[in-house]
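Peer 1: Below is query.cif; it holds mmCIF, C-alpha atoms, pLDDT in the B column; chains and numbers go by the auth columns.
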```cif
data_final
loop_
_atom_site.group_PDB
_atom_site.id
_atom_site.type_symbol
_atom_site.label_atom_id
_atom_site.label_comp_id
_atom_site.label_asym_id
_atom_site.label_seq_id
_atom_site.Cartn_x
_atom_site.Cartn_y
_atom_site.Cartn_z
_atom_site.B_iso_or_equiv
_atom_site.auth_seq_id
_atom_site.auth_asym_id
ATOM 1 C CA MET A 1 100.540 172.403 150.427 42.00 1 A
ATOM 2 C CA VAL A 2 100.987 176.147 150.855 40.00 2 A
ATOM 3 C CA THR A 3 102.223 177.674 147.607 41.00 3 A
ATOM 4 C CA THR A 4 103.212 181.220 148.522 44.00 4 A
ATOM 5 C CA CYS A 5 105.266 182.683 151.350 48.00 5 A
ATOM 6 C CA SER A 6 102.715 185.416 152.001 54.00 6 A
ATOM 7 C CA ALA A 7 99.972 182.849 152.658 64.00 7 A
ATOM 8 C CA CYS A 8 101.738 180.586 155.124 94.00 8 A
ATOM 9 C CA SER A 9 101.302 180.410 158.882 97.00 9 A
ATOM 10 C CA LEU A 10 103.824 179.171 161.430 98.00 10 A
ATOM 11 C CA SER A 11 103.819 177.226 164.694 98.00 11 A
ATOM 12 C CA VAL A 12 106.989 177.734 166.745 98.00 12 A
ATOM 13 C CA VAL A 13 107.656 174.917 169.212 98.00 13 A
ATOM 14 C CA ILE A 14 110.107 175.651 172.031 98.00 14 A
ATOM 15 C CA PRO A 15 110.950 172.845 174.487 98.00 15 A
ATOM 16 C CA CYS A 16 111.781 174.200 177.947 98.00 16 A
ATOM 17 C CA TYR A 17 113.617 172.526 180.788 97.00 17 A
ATOM 18 C CA ASN A 18 114.750 174.763 183.650 97.00 18 A
ATOM 19 C CA GLU A 19 114.970 177.834 181.423 97.00 19 A
ATOM 20 C CA ALA A 20 113.815 180.414 184.003 97.00 20 A
ATOM 21 C CA THR A 21 116.892 182.593 183.506 96.00 21 A
ATOM 22 C CA LEU A 22 116.334 183.093 179.790 97.00 22 A
ATOM 23 C CA ILE A 23 112.794 182.125 178.758 98.00 23 A
ATOM 24 C CA GLU A 24 111.242 185.571 179.231 98.00 24 A
ATOM 25 C CA ALA A 25 113.783 187.235 176.941 97.00 25 A
ATOM 26 C CA SER A 26 113.429 184.395 174.435 98.00 26 A
ATOM 27 C CA ILE A 27 109.659 184.818 174.288 98.00 27 A
ATOM 28 C CA GLU A 28 109.978 188.582 173.853 98.00 28 A
ATOM 29 C CA GLU A 29 112.523 188.239 171.039 98.00 29 A
ATOM 30 C CA THR A 30 110.549 185.517 169.284 98.00 30 A
ATOM 31 C CA LEU A 31 107.288 187.437 169.521 98.00 31 A
ATOM 32 C CA THR A 32 108.914 190.605 168.192 98.00 32 A
ATOM 33 C CA GLU A 33 110.384 188.769 165.203 98.00 33 A
ATOM 34 C CA LEU A 34 107.133 187.001 164.328 98.00 34 A
ATOM 35 C CA LYS A 35 105.082 190.191 164.615 98.00 35 A
ATOM 36 C CA GLN A 36 107.513 191.952 162.293 97.00 36 A
ATOM 37 C CA LEU A 37 107.216 189.156 159.745 97.00 37 A
ATOM 38 C CA LYS A 38 103.435 189.302 159.957 96.00 38 A
ATOM 39 C CA GLY A 39 103.495 193.076 159.674 95.00 39 A
ATOM 40 C CA LYS A 40 105.374 193.017 156.393 93.00 40 A
ATOM 41 C CA GLY A 41 103.270 190.215 154.923 94.00 41 A
ATOM 42 C CA SER A 42 105.813 187.383 155.105 94.00 42 A
ATOM 43 C CA LEU A 43 103.652 185.532 157.600 95.00 43 A
ATOM 44 C CA SER A 44 99.865 185.269 157.759 96.00 44 A
ATOM 45 C CA GLU A 45 99.498 183.941 161.297 97.00 45 A
ATOM 46 C CA PHE A 46 101.610 182.428 164.050 98.00 46 A
ATOM 47 C CA GLU A 47 101.541 180.695 167.410 98.00 47 A
ATOM 48 C CA ILE A 48 104.250 180.051 169.997 98.00 48 A
ATOM 49 C CA LEU A 49 104.022 176.698 171.777 98.00 49 A
ATOM 50 C CA LEU A 50 106.181 176.517 174.890 98.00 50 A
ATOM 51 C CA VAL A 51 106.488 172.954 176.137 98.00 51 A
ATOM 52 C CA ASN A 52 107.570 172.706 179.748 98.00 52 A
ATOM 53 C CA ASP A 53 109.421 169.447 180.279 97.00 53 A
ATOM 54 C CA GLY A 54 109.096 168.927 184.018 97.00 54 A
ATOM 55 C CA SER A 55 111.088 171.999 185.017 98.00 55 A
ATOM 56 C CA THR A 56 111.926 172.356 188.707 97.00 56 A
ATOM 57 C CA ASP A 57 112.646 176.088 188.602 97.00 57 A
ATOM 58 C CA GLU A 58 110.359 179.035 187.764 98.00 58 A
ATOM 59 C CA THR A 59 110.124 178.332 184.044 98.00 59 A
ATOM 60 C CA VAL A 60 106.348 177.828 184.102 98.00 60 A
ATOM 61 C CA SER A 61 105.580 180.975 186.095 98.00 61 A
ATOM 62 C CA ARG A 62 107.814 183.040 183.790 98.00 62 A
ATOM 63 C CA ILE A 63 105.958 181.712 180.754 98.00 63 A
ATOM 64 C CA GLU A 64 102.599 182.394 182.389 98.00 64 A
ATOM 65 C CA ASP A 65 103.693 185.972 183.095 98.00 65 A
ATOM 66 C CA LYS A 66 104.258 186.502 179.379 98.00 66 A
ATOM 67 C CA MET A 67 100.911 184.946 178.508 98.00 67 A
ATOM 68 C CA ILE A 68 99.249 187.426 180.868 98.00 68 A
ATOM 69 C CA LYS A 69 101.253 190.311 179.407 98.00 69 A
ATOM 70 C CA TYR A 70 100.211 189.408 175.852 98.00 70 A
ATOM 71 C CA PRO A 71 96.631 188.072 176.146 98.00 71 A
ATOM 72 C CA ASN A 72 95.856 188.726 172.482 97.00 72 A
ATOM 73 C CA GLU A 73 98.819 186.755 171.161 98.00 73 A
ATOM 74 C CA LYS A 74 98.758 183.016 170.552 98.00 74 A
ATOM 75 C CA ILE A 75 101.280 182.063 173.212 98.00 75 A
ATOM 76 C CA TYR A 76 100.475 178.669 174.680 98.00 76 A
ATOM 77 C CA LEU A 77 101.944 176.590 177.490 98.00 77 A
ATOM 78 C CA ILE A 78 101.995 172.806 177.315 98.00 78 A
ATOM 79 C CA ASP A 79 102.882 171.891 180.878 98.00 79 A
ATOM 80 C CA ASN A 80 104.339 168.425 181.414 97.00 80 A
ATOM 81 C CA ALA A 81 104.744 167.794 185.140 93.00 81 A
ATOM 82 C CA VAL A 82 107.058 164.865 184.413 95.00 82 A
ATOM 83 C CA ASN A 83 110.229 165.169 182.333 96.00 83 A
ATOM 84 C CA LYS A 84 109.759 163.496 178.936 96.00 84 A
ATOM 85 C CA GLN A 85 113.207 164.480 177.630 95.00 85 A
ATOM 86 C CA LYS A 86 113.687 166.908 174.766 96.00 86 A
ATOM 87 C CA GLY A 87 112.253 164.635 172.087 96.00 87 A
ATOM 88 C CA GLY A 88 109.084 164.027 174.067 97.00 88 A
ATOM 89 C CA ALA A 89 108.591 167.749 174.606 98.00 89 A
ATOM 90 C CA VAL A 90 109.092 168.574 170.926 98.00 90 A
ATOM 91 C CA LEU A 91 106.707 165.826 169.819 98.00 91 A
ATOM 92 C CA ASP A 92 104.035 167.171 172.199 98.00 92 A
ATOM 93 C CA GLY A 93 104.480 170.504 170.438 98.00 93 A
ATOM 94 C CA PHE A 94 104.060 168.829 167.046 98.00 94 A
ATOM 95 C CA LYS A 95 100.771 167.290 168.160 98.00 95 A
ATOM 96 C CA ALA A 96 99.437 170.673 169.295 98.00 96 A
ATOM 97 C CA ALA A 97 100.651 172.700 166.278 98.00 97 A
ATOM 98 C CA THR A 98 97.875 174.111 164.078 98.00 98 A
ATOM 99 C CA MET A 99 99.694 176.226 161.488 98.00 99 A
ATOM 100 C CA ASP A 100 100.909 175.363 157.967 97.00 100 A
ATOM 101 C CA LEU A 101 104.571 175.118 158.916 98.00 101 A
ATOM 102 C CA VAL A 102 106.126 173.950 162.172 98.00 102 A
ATOM 103 C CA LEU A 103 109.488 175.126 163.486 98.00 103 A
ATOM 104 C CA PHE A 104 111.103 173.762 166.585 98.00 104 A
ATOM 105 C CA MET A 105 113.987 175.653 168.088 98.00 105 A
ATOM 106 C CA ASP A 106 115.963 175.719 171.306 96.00 106 A
ATOM 107 C CA ALA A 107 114.991 178.135 174.061 97.00 107 A
ATOM 108 C CA ASP A 108 118.435 179.777 174.122 94.00 108 A
ATOM 109 C CA LEU A 109 117.912 181.116 170.559 95.00 109 A
ATOM 110 C CA ALA A 110 121.408 180.002 169.537 91.00 110 A
ATOM 111 C CA THR A 111 120.189 180.209 165.935 94.00 111 A
ATOM 112 C CA PRO A 112 119.412 183.882 165.164 94.00 112 A
ATOM 113 C CA LEU A 113 115.725 184.528 164.594 97.00 113 A
ATOM 114 C CA TYR A 114 116.221 186.216 161.228 96.00 114 A
ATOM 115 C CA TYR A 115 116.625 182.708 159.806 97.00 115 A
ATOM 116 C CA ILE A 116 112.910 182.101 160.340 98.00 116 A
ATOM 117 C CA GLU A 117 112.003 184.106 157.253 97.00 117 A
ATOM 118 C CA GLU A 118 114.786 182.550 155.180 96.00 118 A
ATOM 119 C CA PHE A 119 113.634 179.062 156.141 97.00 119 A
ATOM 120 C CA MET A 120 109.999 179.835 155.339 97.00 120 A
ATOM 121 C CA GLN A 121 110.925 181.197 151.933 95.00 121 A
ATOM 122 C CA ALA A 122 113.062 178.165 151.146 97.00 122 A
ATOM 123 C CA MET A 123 110.295 175.793 152.270 97.00 123 A
ATOM 124 C CA MET A 124 107.767 177.393 149.961 95.00 124 A
ATOM 125 C CA ILE A 125 109.900 178.152 146.917 95.00 125 A
ATOM 126 C CA GLU A 126 111.671 174.792 146.858 96.00 126 A
ATOM 127 C CA GLU A 127 108.641 172.808 148.114 96.00 127 A
ATOM 128 C CA ILE A 128 110.664 171.242 150.913 98.00 128 A
ATOM 129 C CA ASP A 129 109.127 168.879 153.447 98.00 129 A
ATOM 130 C CA LEU A 130 111.848 169.156 156.093 98.00 130 A
ATOM 131 C CA LEU A 131 114.497 171.872 156.311 98.00 131 A
ATOM 132 C CA VAL A 132 117.392 171.266 158.680 97.00 132 A
ATOM 133 C CA ALA A 133 119.785 173.915 159.955 96.00 133 A
ATOM 134 C CA THR A 134 123.458 173.033 159.748 93.00 134 A
ATOM 135 C CA ARG A 135 126.305 174.620 161.704 87.00 135 A
ATOM 136 C CA HIS A 136 129.101 172.608 160.102 76.00 136 A
ATOM 137 C CA ASN A 137 129.834 174.581 156.948 69.00 137 A
ATOM 138 C CA LEU A 138 130.597 178.020 158.378 60.00 138 A
ATOM 139 C CA LYS A 139 134.052 178.594 159.886 58.00 139 A
ATOM 140 C CA GLU A 140 132.602 181.154 162.300 61.00 140 A
ATOM 141 C CA ASN A 141 130.705 178.396 164.085 53.00 141 A
ATOM 142 C CA ARG A 142 133.895 176.551 164.924 48.00 142 A
ATOM 143 C CA VAL A 143 135.229 179.710 166.543 44.00 143 A
ATOM 144 C CA ASN A 144 132.011 180.110 168.564 53.00 144 A
ATOM 145 C CA ASN A 145 132.068 176.477 169.672 57.00 145 A
ATOM 146 C CA THR A 146 134.248 174.713 172.237 62.00 146 A
ATOM 147 C CA TYR A 147 136.796 172.194 170.965 61.00 147 A
ATOM 148 C CA GLU A 148 135.185 169.361 172.923 64.00 148 A
ATOM 149 C CA ARG A 149 131.684 170.151 171.658 66.00 149 A
ATOM 150 C CA GLN A 150 132.892 170.439 168.069 67.00 150 A
ATOM 151 C CA LEU A 151 134.782 167.156 168.296 69.00 151 A
ATOM 152 C CA PHE A 152 131.734 165.436 169.749 72.00 152 A
ATOM 153 C CA SER A 153 129.522 166.841 166.985 73.00 153 A
ATOM 154 C CA ASP A 154 131.897 165.817 164.193 80.00 154 A
ATOM 155 C CA LEU A 155 132.250 162.306 165.570 83.00 155 A
ATOM 156 C CA CYS A 156 128.499 161.850 165.955 85.00 156 A
ATOM 157 C CA ILE A 157 127.722 162.825 162.386 89.00 157 A
ATOM 158 C CA LYS A 158 130.435 160.549 160.974 92.00 158 A
ATOM 159 C CA ILE A 159 129.106 157.563 162.893 93.00 159 A
ATOM 160 C CA THR A 160 125.542 158.457 161.889 95.00 160 A
ATOM 161 C CA HIS A 161 126.469 158.519 158.192 95.00 161 A
ATOM 162 C CA LEU A 162 128.259 155.191 158.571 96.00 162 A
ATOM 163 C CA LEU A 163 125.375 153.385 160.251 96.00 163 A
ATOM 164 C CA LEU A 164 122.489 155.247 158.592 96.00 164 A
ATOM 165 C CA PRO A 165 123.687 156.306 155.112 95.00 165 A
ATOM 166 C CA VAL A 166 120.178 157.443 154.131 95.00 166 A
ATOM 167 C CA VAL A 167 120.576 160.293 156.649 96.00 167 A
ATOM 168 C CA LYS A 168 122.565 162.616 154.418 94.00 168 A
ATOM 169 C CA VAL A 169 122.421 165.911 156.304 95.00 169 A
ATOM 170 C CA SER A 170 125.650 167.274 157.756 92.00 170 A
ATOM 171 C CA ASP A 171 124.190 168.289 161.125 92.00 171 A
ATOM 172 C CA THR A 172 121.461 166.204 162.740 93.00 172 A
ATOM 173 C CA GLN A 173 121.570 167.836 166.173 89.00 173 A
ATOM 174 C CA CYS A 174 121.091 171.559 165.542 91.00 174 A
ATOM 175 C CA GLY A 175 117.994 172.697 167.425 93.00 175 A
ATOM 176 C CA PHE A 176 116.401 174.539 164.524 97.00 176 A
ATOM 177 C CA LYS A 177 114.276 172.529 162.076 98.00 177 A
ATOM 178 C CA MET A 178 111.239 173.480 160.014 98.00 178 A
ATOM 179 C CA MET A 179 108.728 171.147 158.387 98.00 179 A
ATOM 180 C CA ARG A 180 105.237 170.931 156.961 98.00 180 A
ATOM 181 C CA ASN A 181 102.517 170.420 159.541 98.00 181 A
ATOM 182 C CA ASP A 182 101.360 167.124 158.053 98.00 182 A
ATOM 183 C CA LEU A 183 104.886 165.737 158.350 98.00 183 A
ATOM 184 C CA ALA A 184 105.122 166.973 161.945 98.00 184 A
ATOM 185 C CA LYS A 185 101.912 165.122 162.734 98.00 185 A
ATOM 186 C CA GLU A 186 103.214 161.917 161.132 97.00 186 A
ATOM 187 C CA LEU A 187 106.474 162.170 163.037 97.00 187 A
ATOM 188 C CA SER A 188 104.678 162.773 166.341 96.00 188 A
ATOM 189 C CA GLU A 189 103.126 159.327 165.919 96.00 189 A
ATOM 190 C CA GLN A 190 106.151 157.472 164.534 96.00 190 A
ATOM 191 C CA VAL A 191 109.193 158.723 166.425 97.00 191 A
ATOM 192 C CA ARG A 192 110.035 156.319 169.253 96.00 192 A
ATOM 193 C CA LEU A 193 113.088 157.945 170.833 96.00 193 A
ATOM 194 C CA ARG A 194 112.669 160.749 173.329 96.00 194 A
ATOM 195 C CA ASN A 195 116.287 161.646 174.091 94.00 195 A
ATOM 196 C CA PHE A 196 118.733 163.688 171.990 90.00 196 A
ATOM 197 C CA SER A 197 118.685 161.016 169.277 94.00 197 A
ATOM 198 C CA PHE A 198 115.108 161.866 168.325 96.00 198 A
ATOM 199 C CA ASP A 199 116.482 164.382 165.779 96.00 199 A
ATOM 200 C CA ILE A 200 118.220 161.573 163.930 96.00 200 A
ATOM 201 C CA GLU A 201 115.118 159.398 164.017 98.00 201 A
ATOM 202 C CA LEU A 202 112.806 162.047 162.586 97.00 202 A
ATOM 203 C CA ILE A 203 115.227 162.755 159.722 98.00 203 A
ATOM 204 C CA LEU A 204 115.565 159.010 159.107 97.00 204 A
ATOM 205 C CA ILE A 205 111.795 158.508 158.955 97.00 205 A
ATOM 206 C CA ALA A 206 111.363 161.420 156.550 97.00 206 A
ATOM 207 C CA ALA A 207 114.178 160.148 154.308 97.00 207 A
ATOM 208 C CA LEU A 208 112.869 156.571 154.194 96.00 208 A
ATOM 209 C CA ASN A 209 109.453 157.882 153.148 96.00 209 A
ATOM 210 C CA ASP A 210 110.811 159.944 150.270 96.00 210 A
ATOM 211 C CA LYS A 211 110.229 163.339 151.855 97.00 211 A
ATOM 212 C CA LYS A 212 112.172 166.212 150.364 98.00 212 A
ATOM 213 C CA ILE A 213 114.839 167.082 152.905 98.00 213 A
ATOM 214 C CA SER A 214 117.202 169.991 152.553 98.00 214 A
ATOM 215 C CA GLU A 215 119.640 171.789 154.811 96.00 215 A
ATOM 216 C CA LYS A 216 120.601 175.412 155.167 96.00 216 A
ATOM 217 C CA ASP A 217 123.768 176.919 156.604 94.00 217 A
ATOM 218 C CA ILE A 218 123.215 179.016 159.703 93.00 218 A
ATOM 219 C CA LEU A 219 125.423 181.107 161.938 89.00 219 A
ATOM 220 C CA TRP A 220 125.242 179.542 165.388 83.00 220 A
ATOM 221 C CA VAL A 221 125.862 181.631 168.501 82.00 221 A
ATOM 222 C CA ASN A 222 126.616 180.013 171.858 74.00 222 A
ATOM 223 C CA ARG A 223 124.590 182.314 174.133 65.00 223 A
ATOM 224 C CA ILE A 224 124.965 180.410 177.389 61.00 224 A
ATOM 225 C CA GLU A 225 128.062 179.251 179.215 57.00 225 A
ATOM 226 C CA GLY A 226 128.415 175.599 180.050 50.00 226 A
ATOM 227 C CA SER A 227 126.131 172.808 178.896 54.00 227 A
ATOM 228 C CA LYS A 228 123.448 170.517 180.294 58.00 228 A
ATOM 229 C CA VAL A 229 124.885 167.732 178.153 63.00 229 A
ATOM 230 C CA ASN A 230 127.477 165.204 179.304 72.00 230 A
ATOM 231 C CA PRO A 231 129.294 164.357 176.018 71.00 231 A
ATOM 232 C CA VAL A 232 130.490 160.918 177.133 76.00 232 A
ATOM 233 C CA ARG A 233 127.119 159.793 178.497 83.00 233 A
ATOM 234 C CA VAL A 234 125.163 161.239 175.569 81.00 234 A
ATOM 235 C CA GLY A 235 127.673 159.834 173.065 82.00 235 A
ATOM 236 C CA MET A 236 127.352 156.308 174.416 89.00 236 A
ATOM 237 C CA GLN A 237 123.567 156.539 174.416 92.00 237 A
ATOM 238 C CA MET A 238 123.546 157.933 170.886 91.00 238 A
ATOM 239 C CA LEU A 239 125.686 155.038 169.650 93.00 239 A
ATOM 240 C CA LYS A 240 123.213 152.615 171.197 96.00 240 A
ATOM 241 C CA ASP A 241 120.340 154.512 169.578 96.00 241 A
ATOM 242 C CA LEU A 242 121.997 154.444 166.152 96.00 242 A
ATOM 243 C CA PHE A 243 122.198 150.654 166.228 96.00 243 A
ATOM 244 C CA PHE A 244 118.553 150.564 167.318 96.00 244 A
ATOM 245 C CA LEU A 245 117.545 152.822 164.425 97.00 245 A
ATOM 246 C CA ARG A 246 119.552 150.755 161.952 96.00 246 A
ATOM 247 C CA LYS A 247 117.719 147.653 163.124 94.00 247 A
ATOM 248 C CA MET A 248 114.324 149.364 162.866 93.00 248 A
ATOM 249 C CA MET A 249 114.772 151.014 159.463 91.00 249 A
ATOM 250 C CA GLN A 250 112.377 148.770 157.543 87.00 250 A
ATOM 251 C CA THR A 251 109.560 149.430 160.006 90.00 251 A
ATOM 252 C CA TYR A 252 109.667 153.181 159.303 89.00 252 A
ATOM 253 C CA LYS A 253 108.637 152.835 155.672 78.00 253 A
ATOM 254 C CA ARG A 254 104.987 153.420 154.927 67.00 254 A
ATOM 255 C CA LYS A 255 103.365 150.425 153.224 51.00 255 A
ATOM 256 C CA GLU A 256 102.940 152.216 149.927 53.00 256 A
ATOM 257 C CA ASN A 257 106.717 152.868 149.863 50.00 257 A
ATOM 258 C CA VAL A 258 107.781 149.294 150.576 44.00 258 A
ATOM 259 C CA THR A 259 108.791 147.334 147.503 43.00 259 A
#
```
Output the file's structure in the form of structure tokens.

Peer 2:
Amino acid sequence: MVTTCSACSLSVVIPCYNEATLIEASIEETLTELKQLKGKGSLSEFEILLVNDGSTDETVSRIEDKMIKYPNEKIYLIDNAVNKQKGGAVLDGFKAATMDLVLFMDADLATPLYYIEEFMQAMMIEEIDLLVATRHNLKENRVNNTYERQLFSDLCIKITHLLLPVVKVSDTQCGFKMMRNDLAKELSEQVRLRNFSFDIELILIAALNDKKISEKDILWVNRIEGSKVNPVRVGMQMLKDLFFLRKMMQTYKRKENVT
């Protein structure tokens, strides 16, 4: 395990599905933040892994433009011609990640990038295996969120805690999570779900295998109008997935942890 913040490196995994309108700005902002962290010694090395998830717009060409613009930076495209859903895209990023720590975050950068350094410091100082961002404890986030989205989020976490009490975090769905590379590799092999419930499954697997999981409050900013998510459809699927995960819990424990 890495023992000091100044020595750690970071893989940033960004799943992309039809993000042509924002991906160029997101890459620029992410690259600027990571270069600043490296410049002041908070980060030794970094890579940005952009996982195209079967986009039908110009997402891929926009990413390739940035790779051409910055040939000396470690900006990589993992191009999936077929949509694997968000979980599948993130897990492909985990498999390709080479740095000490792995962060996956949404392409819209709804979680401000200054949290990257805070998360890295917490990971190292507290020797955390998985650090989960939570939007639920700051009142500002409820102002920034729609009533329907907030209600959906609150309901999902309550049902999750009821069916999977070992999952103790207050926000499973925030698209900003950091973990050790070895855990990311384990999860890339063990996580079965590929839809929005994959977040819950990866936290569940880590918890059942005695990984140190912590959460950190973040200020969440809704930077895009509308949503690609149908709350009713996703909610029904998530409920089905929760019962599946409850049934499969014993299979997630590594043999040395089973008593």

Peer 1: Kindly give the distance, in Å, that separates CA of Ala96 (chain A) and CA of Tyr76 (chain A), rounded to a single decimal.

Peer 2: 9.7 Å

Peer 1: When you count only C-alpha atoms, which of these residues is closest to Thr56 (chain A): A:Ala81, A:Leu113, A:Ala25, A:Cys8?

Peer 2: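 Checking each of A:Ala81, A:Leu113, A:Ala25, A:Cys8 against Thr56 (chain A), counting only C-alpha atoms, the winner is A:Ala81.
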
Peer 1: Compare A:Val12, A:Ile218, A:Ile23, A:Leu242 by their minimum atom-to-atom distance to Asp199 (chain A), counting all atoms listed in the file, and give me the closest one.

Peer 2: A:Leu242

Peer 1: Taking the file as I've supplied it (selection: the PyMOL selection byres ((chain A and resi 60) around 12)), which residues are included? Please answer as a VMD selection string.

Peer 2: chain A and resid 15 to 21 23 to 24 50 to 59 61 to 67 76 to 81

Peer 1: So what do you get for CA of Thr134 (chain A) versus CA of Asp210 (chain A), distance-wise?

Peer 2: 20.5 Å

Peer 1: May I ask for the distance between CA of Asp154 (chain A) and CA of Phe104 (chain A), given in Å to one decimal place?

Peer 2: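 Calculated distance between CA of Asp154 (chain A) and CA of Phe104 (chain A) is 22.4 Å.
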
Peer 1: Skip Asp182 (chain A) itself and residues of its chain fewer than 3 positions away, then list as JSON, numbers by chain all residues within 12 Å of it, counting only C-alpha atoms.

Peer 2: {"A": [1, 2, 94, 95, 96, 97, 98, 99, 100, 101, 102, 129, 130, 178, 179, 185, 186, 187, 188, 189, 206, 211]}

Peer 1: Take the residues from that selection and write them out as an mmCIF file, in the frame of the given file, keeping C-alpha atoms.

Peer 2:
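The new file again24.cif reads:
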```
data_model
loop_
_atom_site.group_PDB
_atom_site.id
_atom_site.type_symbol
_atom_site.label_atom_id
_atom_site.label_comp_id
_atom_site.auth_asym_id
_atom_site.auth_seq_id
_atom_site.Cartn_x
_atom_site.Cartn_y
_atom_site.Cartn_z
ATOM 1 C CA MET A 1 100.540 172.403 150.427
ATOM 2 C CA VAL A 2 100.987 176.147 150.855
ATOM 3 C CA PHE A 94 104.060 168.829 167.046
ATOM 4 C CA LYS A 95 100.771 167.290 168.160
ATOM 5 C CA ALA A 96 99.437 170.673 169.295
ATOM 6 C CA ALA A 97 100.651 172.700 166.278
ATOM 7 C CA THR A 98 97.875 174.111 164.078
ATOM 8 C CA MET A 99 99.694 176.226 161.488
ATOM 9 C CA ASP A 100 100.909 175.363 157.967
ATOM 10 C CA LEU A 101 104.571 175.118 158.916
ATOM 11 C CA VAL A 102 106.126 173.950 162.172
ATOM 12 C CA ASP A 129 109.127 168.879 153.447
ATOM 13 C CA LEU A 130 111.848 169.156 156.093
ATOM 14 C CA MET A 178 111.239 173.480 160.014
ATOM 15 C CA MET A 179 108.728 171.147 158.387
ATOM 16 C CA LYS A 185 101.912 165.122 162.734
ATOM 17 C CA GLU A 186 103.214 161.917 161.132
ATOM 18 C CA LEU A 187 106.474 162.170 163.037
ATOM 19 C CA SER A 188 104.678 162.773 166.341
ATOM 20 C CA GLU A 189 103.126 159.327 165.919
ATOM 21 C CA ALA A 206 111.363 161.420 156.550
ATOM 22 C CA LYS A 211 110.229 163.339 151.855
#
```

Peer 1: Using all atoms listed in the file, which of the listed residues (A:Gln237, A:Asn195, A:Ser9, A:Asn83) sits closest to Lys38 (chain A)?

Peer 2: A:Ser9

Peer 1: For the provided coordinates, the residues matched by the PyMOL selection byres ((chain A and resi 205) around 12) should be stated as a VMD selection string.

Peer 2: chain A and resid 130 164 166 to 167 183 to 184 186 to 193 198 to 204 206 to 213 245 to 246 248 to 254 257

Peer 1: First collect every listed atom of region 91-95 of chain A; then fit an axis-aligned box around them, widen it by 8 Å on each side, and give centre and edge lengths in Å to one decimal, as JSON.

Peer 2:
```
{"center_x": 103.7, "center_y": 168.2, "center_z": 169.6, "size_x": 21.9, "size_y": 20.7, "size_z": 21.2}
```

Peer 1: Give the answer as one residue: which of A:Met238, A:Val82, A:Met124, A:Val90 has the shortest atom-to-atom distance to Thr172 (chain A), using all atoms listed in the file?

Peer 2: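 Using all atoms listed in the file, Thr172 (chain A) sits closest to A:Met238.
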
Peer 1: Name the closest residue to Ala122 (chain A) among the candidates A:Glu28, A:Asp171, A:Glu215, A:Asp241; distances are taken between atoms, counting only C-alpha atoms.

Peer 2: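 Distance minimum relative to Ala122 (chain A) lands on A:Glu215.
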
Peer 1: Just the residues within 7 Å of Trp220 (chain A), please, counting only C-alpha atoms, with nothing from its chain fewer than 2 positions along; format it as a list of chain:residue names.

Peer 2: A:Ala110, A:Thr111, A:Arg135, A:Asn141, A:Ile218, A:Asn222

Peer 1: From the options A:Ile27, A:Gly235, A:Cys156, A:Ser214, which residue's atoms come nearest to Lys168 (chain A), counting only C-alpha atoms?

Peer 2: A:Ser214

Peer 1: Which residues come within 9 Å of Ile116 (chain A), counting only C-alpha atoms, excluding same-chain residues fewer than 6 positions away, as a ChimeraX atom specification?

Peer 2: /A:33-34,103,178

Peer 1: Okay, now the selection with C-alpha atoms, as an mmCIF file, in the frame of the given file?

Peer 2:
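The file below, selection.cif, is the result:
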```cif
data_model
loop_
_atom_site.group_PDB
_atom_site.id
_atom_site.type_symbol
_atom_site.label_atom_id
_atom_site.label_comp_id
_atom_site.auth_asym_id
_atom_site.auth_seq_id
_atom_site.Cartn_x
_atom_site.Cartn_y
_atom_site.Cartn_z
ATOM 1 C CA GLU A 33 110.384 188.769 165.203
ATOM 2 C CA LEU A 34 107.133 187.001 164.328
ATOM 3 C CA LEU A 103 109.488 175.126 163.486
ATOM 4 C CA MET A 178 111.239 173.480 160.014
#
```
